[in-house]
file final.txt (compact mmCIF, N, CA and C atoms)
# COMPACT_ATOMS: atom_id res chain seq x y z
N MET A 64 -25.12 -41.01 101.44
CA MET A 64 -24.34 -40.61 102.59
C MET A 64 -25.07 -41.04 103.86
N ARG A 65 -24.29 -41.48 104.82
CA ARG A 65 -24.87 -41.96 106.07
C ARG A 65 -25.29 -40.79 106.97
N GLU A 66 -26.22 -41.10 107.87
CA GLU A 66 -26.69 -40.07 108.79
C GLU A 66 -25.73 -39.89 109.97
N TYR A 67 -25.17 -41.02 110.48
CA TYR A 67 -24.28 -40.96 111.63
C TYR A 67 -23.15 -41.97 111.51
N TYR A 68 -22.05 -41.66 112.21
CA TYR A 68 -20.90 -42.56 112.32
C TYR A 68 -20.59 -42.75 113.79
N SER A 69 -20.23 -43.96 114.16
CA SER A 69 -19.85 -44.20 115.55
C SER A 69 -18.39 -43.78 115.76
N ILE A 70 -18.03 -43.60 117.01
CA ILE A 70 -16.66 -43.22 117.33
C ILE A 70 -15.69 -44.32 116.88
N THR A 71 -16.11 -45.57 117.00
CA THR A 71 -15.27 -46.69 116.58
C THR A 71 -15.01 -46.65 115.09
N GLU A 72 -16.05 -46.38 114.31
CA GLU A 72 -15.88 -46.29 112.85
C GLU A 72 -14.88 -45.20 112.48
N LEU A 73 -14.99 -44.04 113.14
CA LEU A 73 -14.10 -42.93 112.80
C LEU A 73 -12.68 -43.17 113.29
N THR A 74 -12.52 -43.82 114.44
CA THR A 74 -11.15 -44.12 114.90
C THR A 74 -10.46 -45.06 113.91
N ARG A 75 -11.20 -46.00 113.38
CA ARG A 75 -10.62 -46.92 112.39
C ARG A 75 -10.32 -46.20 111.07
N GLU A 76 -11.25 -45.39 110.63
CA GLU A 76 -11.07 -44.68 109.36
C GLU A 76 -9.87 -43.74 109.40
N PHE A 77 -9.73 -42.99 110.49
CA PHE A 77 -8.68 -41.98 110.58
C PHE A 77 -7.44 -42.45 111.34
N GLU A 78 -7.50 -43.69 111.81
CA GLU A 78 -6.37 -44.29 112.53
C GLU A 78 -5.94 -43.43 113.72
N VAL A 79 -6.93 -43.06 114.53
CA VAL A 79 -6.69 -42.30 115.75
C VAL A 79 -7.39 -43.02 116.89
N SER A 80 -7.04 -42.63 118.10
CA SER A 80 -7.67 -43.24 119.27
C SER A 80 -9.00 -42.55 119.59
N THR A 81 -9.81 -43.25 120.38
CA THR A 81 -11.06 -42.62 120.84
C THR A 81 -10.72 -41.40 121.69
N ARG A 82 -9.62 -41.47 122.41
CA ARG A 82 -9.20 -40.34 123.23
C ARG A 82 -8.95 -39.10 122.36
N THR A 83 -8.37 -39.30 121.17
CA THR A 83 -8.11 -38.19 120.25
C THR A 83 -9.43 -37.53 119.83
N LEU A 84 -10.41 -38.34 119.47
CA LEU A 84 -11.70 -37.78 119.05
C LEU A 84 -12.40 -37.08 120.21
N ARG A 85 -12.28 -37.65 121.41
CA ARG A 85 -12.87 -36.98 122.58
C ARG A 85 -12.16 -35.66 122.85
N PHE A 86 -10.83 -35.64 122.63
CA PHE A 86 -10.07 -34.39 122.79
C PHE A 86 -10.57 -33.34 121.82
N TYR A 87 -10.78 -33.72 120.55
CA TYR A 87 -11.29 -32.77 119.56
C TYR A 87 -12.68 -32.26 119.99
N GLU A 88 -13.47 -33.14 120.57
CA GLU A 88 -14.78 -32.73 121.06
C GLU A 88 -14.61 -31.75 122.23
N ASP A 89 -13.74 -32.08 123.18
CA ASP A 89 -13.49 -31.20 124.34
C ASP A 89 -12.99 -29.82 123.89
N GLU A 90 -12.22 -29.80 122.80
CA GLU A 90 -11.69 -28.54 122.27
C GLU A 90 -12.71 -27.77 121.44
N GLY A 91 -13.90 -28.36 121.26
CA GLY A 91 -14.96 -27.68 120.52
C GLY A 91 -14.80 -27.76 119.01
N LEU A 92 -13.93 -28.64 118.54
CA LEU A 92 -13.71 -28.76 117.09
C LEU A 92 -14.80 -29.59 116.41
N VAL A 93 -15.31 -30.58 117.12
CA VAL A 93 -16.43 -31.38 116.62
C VAL A 93 -17.48 -31.43 117.72
N GLN A 94 -18.72 -31.63 117.32
CA GLN A 94 -19.81 -31.65 118.29
C GLN A 94 -20.76 -32.81 117.97
N PRO A 95 -20.34 -34.02 118.34
CA PRO A 95 -21.21 -35.16 118.05
C PRO A 95 -22.50 -35.10 118.88
N ILE A 96 -23.49 -35.76 118.37
CA ILE A 96 -24.76 -35.88 119.08
C ILE A 96 -24.58 -36.97 120.14
N ARG A 97 -25.19 -36.75 121.29
CA ARG A 97 -25.13 -37.75 122.36
C ARG A 97 -26.46 -38.48 122.46
N ARG A 98 -26.37 -39.79 122.49
CA ARG A 98 -27.54 -40.64 122.78
C ARG A 98 -27.12 -41.49 123.97
N GLY A 99 -27.47 -41.01 125.15
CA GLY A 99 -26.97 -41.65 126.36
C GLY A 99 -25.48 -41.38 126.44
N ARG A 100 -24.69 -42.44 126.52
CA ARG A 100 -23.24 -42.30 126.57
C ARG A 100 -22.60 -42.46 125.19
N THR A 101 -23.42 -42.72 124.20
CA THR A 101 -22.92 -42.97 122.85
C THR A 101 -22.79 -41.65 122.09
N ARG A 102 -21.64 -41.49 121.44
CA ARG A 102 -21.42 -40.33 120.58
C ARG A 102 -21.76 -40.73 119.15
N LEU A 103 -22.56 -39.91 118.50
CA LEU A 103 -22.90 -40.13 117.10
C LEU A 103 -22.40 -38.92 116.31
N PHE A 104 -21.52 -39.20 115.37
CA PHE A 104 -20.90 -38.15 114.58
C PHE A 104 -21.63 -38.01 113.25
N ARG A 105 -21.98 -36.79 112.92
CA ARG A 105 -22.64 -36.49 111.64
C ARG A 105 -21.58 -36.46 110.52
N PRO A 106 -22.02 -36.51 109.27
CA PRO A 106 -21.08 -36.37 108.16
C PRO A 106 -20.26 -35.07 108.26
N SER A 107 -20.87 -34.01 108.77
CA SER A 107 -20.13 -32.75 108.92
C SER A 107 -19.00 -32.90 109.94
N ASP A 108 -19.24 -33.67 111.01
CA ASP A 108 -18.18 -33.94 111.99
C ASP A 108 -17.05 -34.75 111.35
N ARG A 109 -17.44 -35.71 110.55
CA ARG A 109 -16.45 -36.54 109.84
C ARG A 109 -15.59 -35.67 108.92
N HIS A 110 -16.23 -34.75 108.24
CA HIS A 110 -15.49 -33.83 107.36
C HIS A 110 -14.53 -32.97 108.19
N LEU A 111 -15.00 -32.47 109.33
CA LEU A 111 -14.13 -31.67 110.19
C LEU A 111 -12.95 -32.48 110.70
N ILE A 112 -13.18 -33.74 111.05
CA ILE A 112 -12.08 -34.59 111.52
C ILE A 112 -11.06 -34.76 110.40
N ARG A 113 -11.54 -34.94 109.18
CA ARG A 113 -10.63 -35.06 108.03
C ARG A 113 -9.79 -33.77 107.90
N GLN A 114 -10.43 -32.62 108.06
CA GLN A 114 -9.71 -31.34 107.96
C GLN A 114 -8.72 -31.16 109.12
N ILE A 115 -9.12 -31.58 110.31
CA ILE A 115 -8.23 -31.51 111.47
C ILE A 115 -7.00 -32.37 111.22
N MET A 116 -7.21 -33.57 110.75
CA MET A 116 -6.08 -34.49 110.49
C MET A 116 -5.15 -33.90 109.42
N ARG A 117 -5.73 -33.32 108.41
CA ARG A 117 -4.93 -32.67 107.37
C ARG A 117 -4.11 -31.53 107.96
N GLY A 118 -4.76 -30.71 108.79
CA GLY A 118 -4.05 -29.61 109.44
C GLY A 118 -2.91 -30.11 110.30
N LYS A 119 -3.14 -31.18 111.04
CA LYS A 119 -2.08 -31.75 111.88
C LYS A 119 -0.92 -32.24 111.03
N ARG A 120 -1.22 -32.90 109.91
CA ARG A 120 -0.15 -33.38 109.01
C ARG A 120 0.67 -32.22 108.46
N LEU A 121 0.01 -31.07 108.24
CA LEU A 121 0.70 -29.89 107.72
C LEU A 121 1.44 -29.13 108.81
N GLY A 122 1.30 -29.56 110.06
CA GLY A 122 2.04 -28.95 111.15
C GLY A 122 1.31 -27.85 111.90
N PHE A 123 0.01 -27.72 111.68
CA PHE A 123 -0.76 -26.70 112.37
C PHE A 123 -1.09 -27.14 113.79
N SER A 124 -1.10 -26.19 114.70
CA SER A 124 -1.49 -26.48 116.08
C SER A 124 -3.02 -26.57 116.16
N ILE A 125 -3.51 -27.09 117.27
CA ILE A 125 -4.96 -27.16 117.48
C ILE A 125 -5.56 -25.76 117.45
N ASN A 126 -4.88 -24.79 118.03
CA ASN A 126 -5.41 -23.41 118.02
C ASN A 126 -5.49 -22.86 116.60
N GLU A 127 -4.48 -23.14 115.78
CA GLU A 127 -4.51 -22.68 114.39
C GLU A 127 -5.64 -23.36 113.62
N ILE A 128 -5.82 -24.65 113.86
CA ILE A 128 -6.89 -25.39 113.20
C ILE A 128 -8.25 -24.83 113.63
N ARG A 129 -8.40 -24.56 114.91
CA ARG A 129 -9.65 -23.99 115.43
C ARG A 129 -9.94 -22.65 114.74
N GLU A 130 -8.91 -21.83 114.63
CA GLU A 130 -9.07 -20.51 114.00
C GLU A 130 -9.55 -20.65 112.56
N ILE A 131 -8.96 -21.57 111.84
CA ILE A 131 -9.34 -21.78 110.43
C ILE A 131 -10.77 -22.30 110.33
N ILE A 132 -11.13 -23.23 111.21
CA ILE A 132 -12.50 -23.77 111.20
C ILE A 132 -13.51 -22.68 111.55
N GLN A 133 -13.20 -21.85 112.55
CA GLN A 133 -14.11 -20.77 112.94
C GLN A 133 -14.34 -19.78 111.81
N MET A 134 -13.29 -19.52 111.02
CA MET A 134 -13.43 -18.59 109.89
C MET A 134 -14.49 -19.07 108.92
N TYR A 135 -14.63 -20.38 108.78
CA TYR A 135 -15.61 -20.92 107.86
C TYR A 135 -17.03 -20.73 108.40
N LYS A 136 -17.17 -20.83 109.72
CA LYS A 136 -18.49 -20.76 110.34
C LYS A 136 -19.02 -19.34 110.48
N GLU A 137 -18.12 -18.36 110.50
CA GLU A 137 -18.51 -16.97 110.73
C GLU A 137 -18.04 -16.11 109.55
N PRO A 138 -18.59 -14.90 109.45
CA PRO A 138 -18.10 -14.00 108.40
C PRO A 138 -16.60 -13.79 108.57
N PRO A 139 -15.81 -13.73 107.55
CA PRO A 139 -16.16 -13.68 106.14
C PRO A 139 -16.34 -15.03 105.48
N GLY A 140 -16.52 -16.10 106.25
CA GLY A 140 -16.85 -17.40 105.69
C GLY A 140 -15.73 -18.05 104.93
N GLU A 141 -16.11 -18.75 103.88
CA GLU A 141 -15.14 -19.56 103.14
C GLU A 141 -14.02 -18.72 102.53
N VAL A 142 -14.33 -17.55 102.02
CA VAL A 142 -13.28 -16.70 101.43
C VAL A 142 -12.25 -16.33 102.49
N GLY A 143 -12.73 -15.92 103.66
CA GLY A 143 -11.82 -15.59 104.75
C GLY A 143 -11.02 -16.80 105.19
N GLN A 144 -11.67 -17.95 105.24
CA GLN A 144 -10.99 -19.18 105.63
C GLN A 144 -9.87 -19.50 104.65
N LEU A 145 -10.17 -19.39 103.37
CA LEU A 145 -9.17 -19.71 102.35
C LEU A 145 -7.99 -18.74 102.41
N LYS A 146 -8.29 -17.46 102.60
CA LYS A 146 -7.21 -16.47 102.70
C LYS A 146 -6.36 -16.71 103.94
N LEU A 147 -7.00 -17.04 105.06
CA LEU A 147 -6.25 -17.35 106.28
C LEU A 147 -5.41 -18.61 106.08
N MET A 148 -5.99 -19.59 105.42
CA MET A 148 -5.25 -20.84 105.15
C MET A 148 -4.01 -20.54 104.32
N ILE A 149 -4.14 -19.72 103.31
CA ILE A 149 -2.98 -19.36 102.48
C ILE A 149 -1.92 -18.68 103.33
N LYS A 150 -2.35 -17.76 104.18
CA LYS A 150 -1.41 -17.06 105.06
C LYS A 150 -0.70 -18.04 105.98
N ARG A 151 -1.45 -18.96 106.60
CA ARG A 151 -0.86 -19.94 107.51
C ARG A 151 0.09 -20.89 106.76
N ILE A 152 -0.26 -21.26 105.55
CA ILE A 152 0.61 -22.13 104.75
C ILE A 152 1.92 -21.42 104.45
N GLU A 153 1.84 -20.15 104.09
CA GLU A 153 3.06 -19.37 103.82
C GLU A 153 3.93 -19.30 105.07
N GLU A 154 3.31 -19.10 106.23
CA GLU A 154 4.07 -19.05 107.49
C GLU A 154 4.73 -20.39 107.78
N LYS A 155 3.99 -21.48 107.60
CA LYS A 155 4.56 -22.82 107.84
C LYS A 155 5.70 -23.10 106.87
N ARG A 156 5.50 -22.72 105.63
CA ARG A 156 6.54 -22.93 104.61
C ARG A 156 7.82 -22.19 105.01
N GLU A 157 7.69 -20.95 105.45
CA GLU A 157 8.87 -20.18 105.85
C GLU A 157 9.52 -20.79 107.09
N ASP A 158 8.71 -21.26 108.04
CA ASP A 158 9.26 -21.94 109.22
C ASP A 158 10.08 -23.16 108.79
N LEU A 159 9.54 -23.93 107.87
CA LEU A 159 10.25 -25.12 107.40
C LEU A 159 11.53 -24.76 106.65
N ARG A 160 11.47 -23.71 105.86
CA ARG A 160 12.69 -23.26 105.15
C ARG A 160 13.77 -22.84 106.14
N GLN A 161 13.37 -22.13 107.20
CA GLN A 161 14.33 -21.73 108.22
C GLN A 161 14.92 -22.95 108.92
N LYS A 162 14.08 -23.92 109.23
CA LYS A 162 14.57 -25.15 109.85
C LYS A 162 15.56 -25.87 108.94
N ARG A 163 15.26 -25.88 107.63
CA ARG A 163 16.17 -26.50 106.68
C ARG A 163 17.51 -25.77 106.66
N ARG A 164 17.48 -24.43 106.66
CA ARG A 164 18.73 -23.66 106.70
C ARG A 164 19.51 -23.97 107.97
N ASP A 165 18.80 -24.04 109.11
CA ASP A 165 19.45 -24.36 110.38
C ASP A 165 20.07 -25.75 110.34
N LEU A 166 19.35 -26.71 109.78
CA LEU A 166 19.88 -28.07 109.67
C LEU A 166 21.11 -28.13 108.77
N GLU A 167 21.05 -27.42 107.64
CA GLU A 167 22.19 -27.41 106.73
C GLU A 167 23.41 -26.79 107.39
N GLU A 168 23.20 -25.75 108.17
CA GLU A 168 24.29 -25.10 108.88
C GLU A 168 24.89 -26.05 109.94
N THR A 169 24.03 -26.73 110.66
CA THR A 169 24.49 -27.68 111.68
C THR A 169 25.25 -28.83 111.04
N LEU A 170 24.74 -29.34 109.92
CA LEU A 170 25.44 -30.42 109.21
C LEU A 170 26.82 -29.97 108.75
N ALA A 171 26.92 -28.75 108.25
CA ALA A 171 28.22 -28.22 107.81
C ALA A 171 29.17 -28.11 108.99
N GLU A 172 28.67 -27.67 110.14
CA GLU A 172 29.50 -27.58 111.34
C GLU A 172 29.97 -28.96 111.78
N LEU A 173 29.09 -29.95 111.70
CA LEU A 173 29.47 -31.32 112.06
C LEU A 173 30.53 -31.85 111.10
N ASP A 174 30.36 -31.59 109.80
CA ASP A 174 31.36 -32.01 108.81
C ASP A 174 32.71 -31.40 109.14
N GLN A 175 32.72 -30.12 109.47
CA GLN A 175 33.96 -29.43 109.79
C GLN A 175 34.60 -30.00 111.06
N ALA A 176 33.79 -30.26 112.08
CA ALA A 176 34.31 -30.84 113.32
C ALA A 176 34.90 -32.22 113.07
N GLU A 177 34.20 -33.02 112.26
CA GLU A 177 34.70 -34.36 111.94
C GLU A 177 36.01 -34.28 111.17
N GLU A 178 36.08 -33.37 110.21
CA GLU A 178 37.30 -33.20 109.42
C GLU A 178 38.47 -32.80 110.31
N SER A 179 38.24 -31.91 111.27
CA SER A 179 39.29 -31.50 112.21
C SER A 179 39.76 -32.68 113.05
N CYS A 180 38.84 -33.51 113.49
CA CYS A 180 39.20 -34.70 114.28
C CYS A 180 40.04 -35.67 113.46
N VAL A 181 39.65 -35.91 112.22
CA VAL A 181 40.39 -36.82 111.33
C VAL A 181 41.80 -36.28 111.08
N GLU A 182 41.91 -34.97 110.80
CA GLU A 182 43.22 -34.36 110.57
C GLU A 182 44.12 -34.50 111.79
N ARG A 183 43.55 -34.30 112.98
CA ARG A 183 44.35 -34.42 114.20
C ARG A 183 44.79 -35.86 114.42
N LEU A 184 43.91 -36.81 114.13
CA LEU A 184 44.29 -38.22 114.24
C LEU A 184 45.45 -38.55 113.30
N VAL A 185 45.43 -37.99 112.08
CA VAL A 185 46.51 -38.22 111.12
C VAL A 185 47.81 -37.61 111.68
N GLU A 186 47.71 -36.42 112.25
CA GLU A 186 48.90 -35.79 112.87
C GLU A 186 49.48 -36.65 113.98
N LEU A 187 48.61 -37.34 114.68
CA LEU A 187 49.04 -38.22 115.79
C LEU A 187 49.50 -39.59 115.30
N GLY A 188 49.37 -39.82 114.00
CA GLY A 188 49.80 -41.09 113.42
C GLY A 188 48.82 -42.23 113.62
N VAL A 189 47.57 -41.88 113.85
CA VAL A 189 46.53 -42.89 114.06
C VAL A 189 45.79 -43.09 112.75
N ASN A 190 45.63 -44.36 112.35
CA ASN A 190 44.86 -44.67 111.13
C ASN A 190 43.37 -44.57 111.44
N THR A 191 42.63 -43.98 110.49
CA THR A 191 41.19 -43.84 110.71
C THR A 191 40.41 -44.81 109.88
call {"tool": "encode", "arguments": {"input": "final.txt", "output": "structure tokens"}}
result
Amino acid sequence: MREYYSITELTREFEVSTRTLRFYEDEGLVQPIRRGRTRLFRPSDRHLIRQIMRGKRLGFSINEIREIIQMYKEPPGEVGQLKLMIKRIEEKREDLRQKRRDLEETLAELDQAEESCVERLVELGVNT
């Protein structure tokens, strides 16, 4: 395992901009070592970036990701982090299910509106 990674290496690996990594640093999610103006990321920072990216893909906000990361660093540690993660996953899953129900309802309303328009066109003698 390497001792350090440059910001360029990590931007390429995770397909993010340098601005994104600096944002994560500003938010206190990663803490690279500074050598002059150069940021050097440790393997632990790389791991955190991987976790942040995973959290973003799952739809978690930066604040939610921060909360999950903090749970690992402080008591109750990994167990607390895992339990919080399960809770957050359940919440996200329910949010997505509600969005799916809302979308299905909207699609049904659109189908009904379209059907009414087609019926009215037929009443008017217009071919569709």
call {"tool": "residues_around", "arguments": {"input": "final.txt", "residues": "Val79 of chain A", "least_positions_apart": "6", "cutoff": "12 Å", "atoms": "only C-alpha atoms", "output": "list in words"}}
result
Ile70, Thr71, Glu72, Leu73, Arg85, Phe86, Tyr87, Ile112, Arg113, Ile115 and Met116 of chain A
call {"tool": "write_last_selection", "arguments": {"input": "final.txt", "atoms": "N, CA and C atoms", "output": "PDB file, in the frame of the given file"}}
result
ATOM      1  N   ILE A  70     -18.030 -43.600 117.010  1.00  0.00           N
ATOM      2  CA  ILE A  70     -16.660 -43.220 117.330  1.00  0.00           C
ATOM      3  C   ILE A  70     -15.690 -44.320 116.880  1.00  0.00           C
ATOM      4  N   THR A  71     -16.110 -45.570 117.000  1.00  0.00           N
ATOM      5  CA  THR A  71     -15.270 -46.690 116.580  1.00  0.00           C
ATOM      6  C   THR A  71     -15.010 -46.650 115.090  1.00  0.00           C
ATOM      7  N   GLU A  72     -16.050 -46.380 114.310  1.00  0.00           N
ATOM      8  CA  GLU A  72     -15.880 -46.290 112.850  1.00  0.00           C
ATOM      9  C   GLU A  72     -14.880 -45.200 112.480  1.00  0.00           C
ATOM     10  N   LEU A  73     -14.990 -44.040 113.140  1.00  0.00           N
ATOM     11  CA  LEU A  73     -14.100 -42.930 112.800  1.00  0.00           C
ATOM     12  C   LEU A  73     -12.680 -43.170 113.290  1.00  0.00           C
ATOM     13  N   ARG A  85     -12.280 -37.650 121.410  1.00  0.00           N
ATOM     14  CA  ARG A  85     -12.870 -36.980 122.580  1.00  0.00           C
ATOM     15  C   ARG A  85     -12.160 -35.660 122.850  1.00  0.00           C
ATOM     16  N   PHE A  86     -10.830 -35.640 122.630  1.00  0.00           N
ATOM     17  CA  PHE A  86     -10.070 -34.390 122.790  1.00  0.00           C
ATOM     18  C   PHE A  86     -10.570 -33.340 121.820  1.00  0.00           C
ATOM     19  N   TYR A  87     -10.780 -33.720 120.550  1.00  0.00           N
ATOM     20  CA  TYR A  87     -11.290 -32.770 119.560  1.00  0.00           C
ATOM     21  C   TYR A  87     -12.680 -32.260 119.990  1.00  0.00           C
ATOM     22  N   ILE A 112     -13.180 -33.740 111.050  1.00  0.00           N
ATOM     23  CA  ILE A 112     -12.080 -34.590 111.520  1.00  0.00           C
ATOM     24  C   ILE A 112     -11.060 -34.760 110.400  1.00  0.00           C
ATOM     25  N   ARG A 113     -11.540 -34.940 109.180  1.00  0.00           N
ATOM     26  CA  ARG A 113     -10.630 -35.060 108.030  1.00  0.00           C
ATOM     27  C   ARG A 113      -9.790 -33.770 107.900  1.00  0.00           C
ATOM     28  N   ILE A 115      -9.120 -31.580 110.310  1.00  0.00           N
ATOM     29  CA  ILE A 115      -8.230 -31.510 111.470  1.00  0.00           C
ATOM     30  C   ILE A 115      -7.000 -32.370 111.220  1.00  0.00           C
ATOM     31  N   MET A 116      -7.210 -33.570 110.750  1.00  0.00           N
ATOM     32  CA  MET A 116      -6.080 -34.490 110.490  1.00  0.00           C
ATOM     33  C   MET A 116      -5.150 -33.900 109.420  1.00  0.00           C
TER      34      MET A 116
END
call {"tool": "atom_distance", "arguments": {"input": "final.txt", "atom1": "atom CA of Tyr68 of chain A", "atom2": "atom N of Phe104 of chain A"}}
result
4.6 Å
call {"tool": "atom_distance", "arguments": {"input": "final.txt", "atom1": "atom N of Glu137 of chain A", "atom2": "atom CA of Ile152 of chain A"}}
result
20.0 Å
call {"tool": "residues_near_point", "arguments": {"input": "final.txt", "point": "(1.1, -26.4, 110.2)", "cutoff": "8 Å", "atoms": "all atoms listed in the file", "output": "list in words"}}
result
Arg117, Gly118, Lys119, Arg120, Leu121, Gly122, Phe123, Ser124, Glu127, Arg151, Ile152, Glu154, Lys155 and Arg156 of chain A
call {"tool": "atom_distance", "arguments": {"input": "final.txt", "atom1": "atom CA of Arg129 of chain A", "atom2": "atom CA of Gln94 of chain A"}}
result
13.0 Å
call {"tool": "axis_aligned_box", "arguments": {"input": "final.txt", "around": "segment 112-125 of chain A", "padding_each_side": "5 Å", "output": "lines of an AutoDock Vina configuration file"}}
result
center_x = -5.6
center_y = -30.4
center_z = 112.4
size_x = 25.2
size_y = 19.3
size_z = 20.1
call {"tool": "select_by_dssp", "arguments": {"input": "final.txt", "residues": "segment 76-115 of chain A", "states": "strand (DSSP E)", "output": "MDAnalysis selection string"}}
result
chainID A and resid 96:98 101:104
call {"tool": "residues_around", "arguments": {"input": "final.txt", "residues": "Ile131 of chain A", "least_positions_apart": "6", "cutoff": "7 Å", "atoms": "only N, CA and C atoms", "output": "list of chain:residue names"}}
result
A:Gln144, A:Leu147, A:Met148
call {"tool": "select_by_dssp", "arguments": {"input": "final.txt", "residues": "chain A", "states": "alpha helix (DSSP H)", "output": "ChimeraX atom specification"}}
result
/A:70-77,81-89,106-120,125-136,140-186
call {"tool": "residues_around", "arguments": {"input": "final.txt", "residues": "Thr101 of chain A", "least_positions_apart": "5", "cutoff": "8 Å", "atoms": "all atoms listed in the file", "output": "tab-separated table (two decimals) with N, CA and C atoms, keeping the file's coordinate frame"}}
result
chain	number	residue	atom	x	y	z
A	69	SER	N	-20.23	-43.96	114.16
A	69	SER	CA	-19.85	-44.20	115.55
A	69	SER	C	-18.39	-43.78	115.76
A	70	ILE	N	-18.03	-43.60	117.01
A	70	ILE	CA	-16.66	-43.22	117.33
A	70	ILE	C	-15.69	-44.32	116.88
A	95	PRO	N	-20.34	-34.02	118.34
A	95	PRO	CA	-21.21	-35.16	118.05
A	95	PRO	C	-22.50	-35.10	118.88
A	96	ILE	N	-23.49	-35.76	118.37
A	96	ILE	CA	-24.76	-35.88	119.08
A	96	ILE	C	-24.58	-36.97	120.14
call {"tool": "decode", "arguments": {"input": "final.txt", "residues": "segment 92-103 of chain A", "atoms": "N, CA, C and O atoms", "output": "PDB file, in the first residue's frame"}}
result
ATOM      1  N   LEU A  92     -14.332  16.326   5.848  1.00  0.00           N
ATOM      2  CA  LEU A  92     -14.518  14.895   5.612  1.00  0.00           C
ATOM      3  C   LEU A  92     -13.190  14.174   5.393  1.00  0.00           C
ATOM      4  O   LEU A  92     -13.058  13.002   5.744  1.00  0.00           O
ATOM      5  N   VAL A  93     -12.240  14.862   4.774  1.00  0.00           N
ATOM      6  CA  VAL A  93     -10.890  14.315   4.599  1.00  0.00           C
ATOM      7  C   VAL A  93      -9.905  15.376   5.083  1.00  0.00           C
ATOM      8  O   VAL A  93     -10.210  16.570   5.068  1.00  0.00           O
ATOM      9  N   GLN A  94      -8.742  14.931   5.493  1.00  0.00           N
ATOM     10  CA  GLN A  94      -7.736  15.852   6.020  1.00  0.00           C
ATOM     11  C   GLN A  94      -6.366  15.502   5.449  1.00  0.00           C
ATOM     12  O   GLN A  94      -5.533  14.889   6.131  1.00  0.00           O
ATOM     13  N   PRO A  95      -6.138  15.886   4.189  1.00  0.00           N
ATOM     14  CA  PRO A  95      -4.836  15.569   3.601  1.00  0.00           C
ATOM     15  C   PRO A  95      -3.713  16.344   4.290  1.00  0.00           C
ATOM     16  O   PRO A  95      -3.938  17.388   4.902  1.00  0.00           O
ATOM     17  N   ILE A  96      -2.543  15.799   4.176  1.00  0.00           N
ATOM     18  CA  ILE A  96      -1.343  16.459   4.694  1.00  0.00           C
ATOM     19  C   ILE A  96      -0.944  17.528   3.677  1.00  0.00           C
ATOM     20  O   ILE A  96      -1.070  17.327   2.472  1.00  0.00           O
ATOM     21  N   ARG A  97      -0.474  18.649   4.177  1.00  0.00           N
ATOM     22  CA  ARG A  97      -0.016  19.727   3.289  1.00  0.00           C
ATOM     23  C   ARG A  97       1.506  19.767   3.287  1.00  0.00           C
ATOM     24  O   ARG A  97       2.129  19.758   4.340  1.00  0.00           O
ATOM     25  N   ARG A  98       2.055  19.804   2.099  1.00  0.00           N
ATOM     26  CA  ARG A  98       3.498  20.050   1.918  1.00  0.00           C
ATOM     27  C   ARG A  98       3.576  21.256   1.000  1.00  0.00           C
ATOM     28  O   ARG A  98       3.421  21.124  -0.213  1.00  0.00           O
ATOM     29  N   GLY A  99       3.693  22.420   1.608  1.00  0.00           N
ATOM     30  CA  GLY A  99       3.605  23.653   0.833  1.00  0.00           C
ATOM     31  C   GLY A  99       2.165  23.796   0.361  1.00  0.00           C
ATOM     32  O   GLY A  99       1.232  23.755   1.154  1.00  0.00           O
ATOM     33  N   ARG A 100       1.993  23.904  -0.950  1.00  0.00           N
ATOM     34  CA  ARG A 100       0.647  24.015  -1.522  1.00  0.00           C
ATOM     35  C   ARG A 100       0.118  22.653  -1.991  1.00  0.00           C
ATOM     36  O   ARG A 100      -0.990  22.554  -2.483  1.00  0.00           O
ATOM     37  N   THR A 101       0.930  21.640  -1.852  1.00  0.00           N
ATOM     38  CA  THR A 101       0.560  20.306  -2.334  1.00  0.00           C
ATOM     39  C   THR A 101      -0.208  19.551  -1.258  1.00  0.00           C
ATOM     40  O   THR A 101       0.186  19.522  -0.092  1.00  0.00           O
ATOM     41  N   ARG A 102      -1.310  18.947  -1.680  1.00  0.00           N
ATOM     42  CA  ARG A 102      -2.091  18.092  -0.784  1.00  0.00           C
ATOM     43  C   ARG A 102      -1.649  16.648  -1.000  1.00  0.00           C
ATOM     44  O   ARG A 102      -1.625  16.168  -2.131  1.00  0.00           O
ATOM     45  N   LEU A 103      -1.359  15.971   0.091  1.00  0.00           N
ATOM     46  CA  LEU A 103      -1.005  14.558   0.036  1.00  0.00           C
ATOM     47  C   LEU A 103      -2.049  13.782   0.834  1.00  0.00           C
ATOM     48  O   LEU A 103      -2.223  14.002   2.027  1.00  0.00           O
TER      49      LEU A 103
END
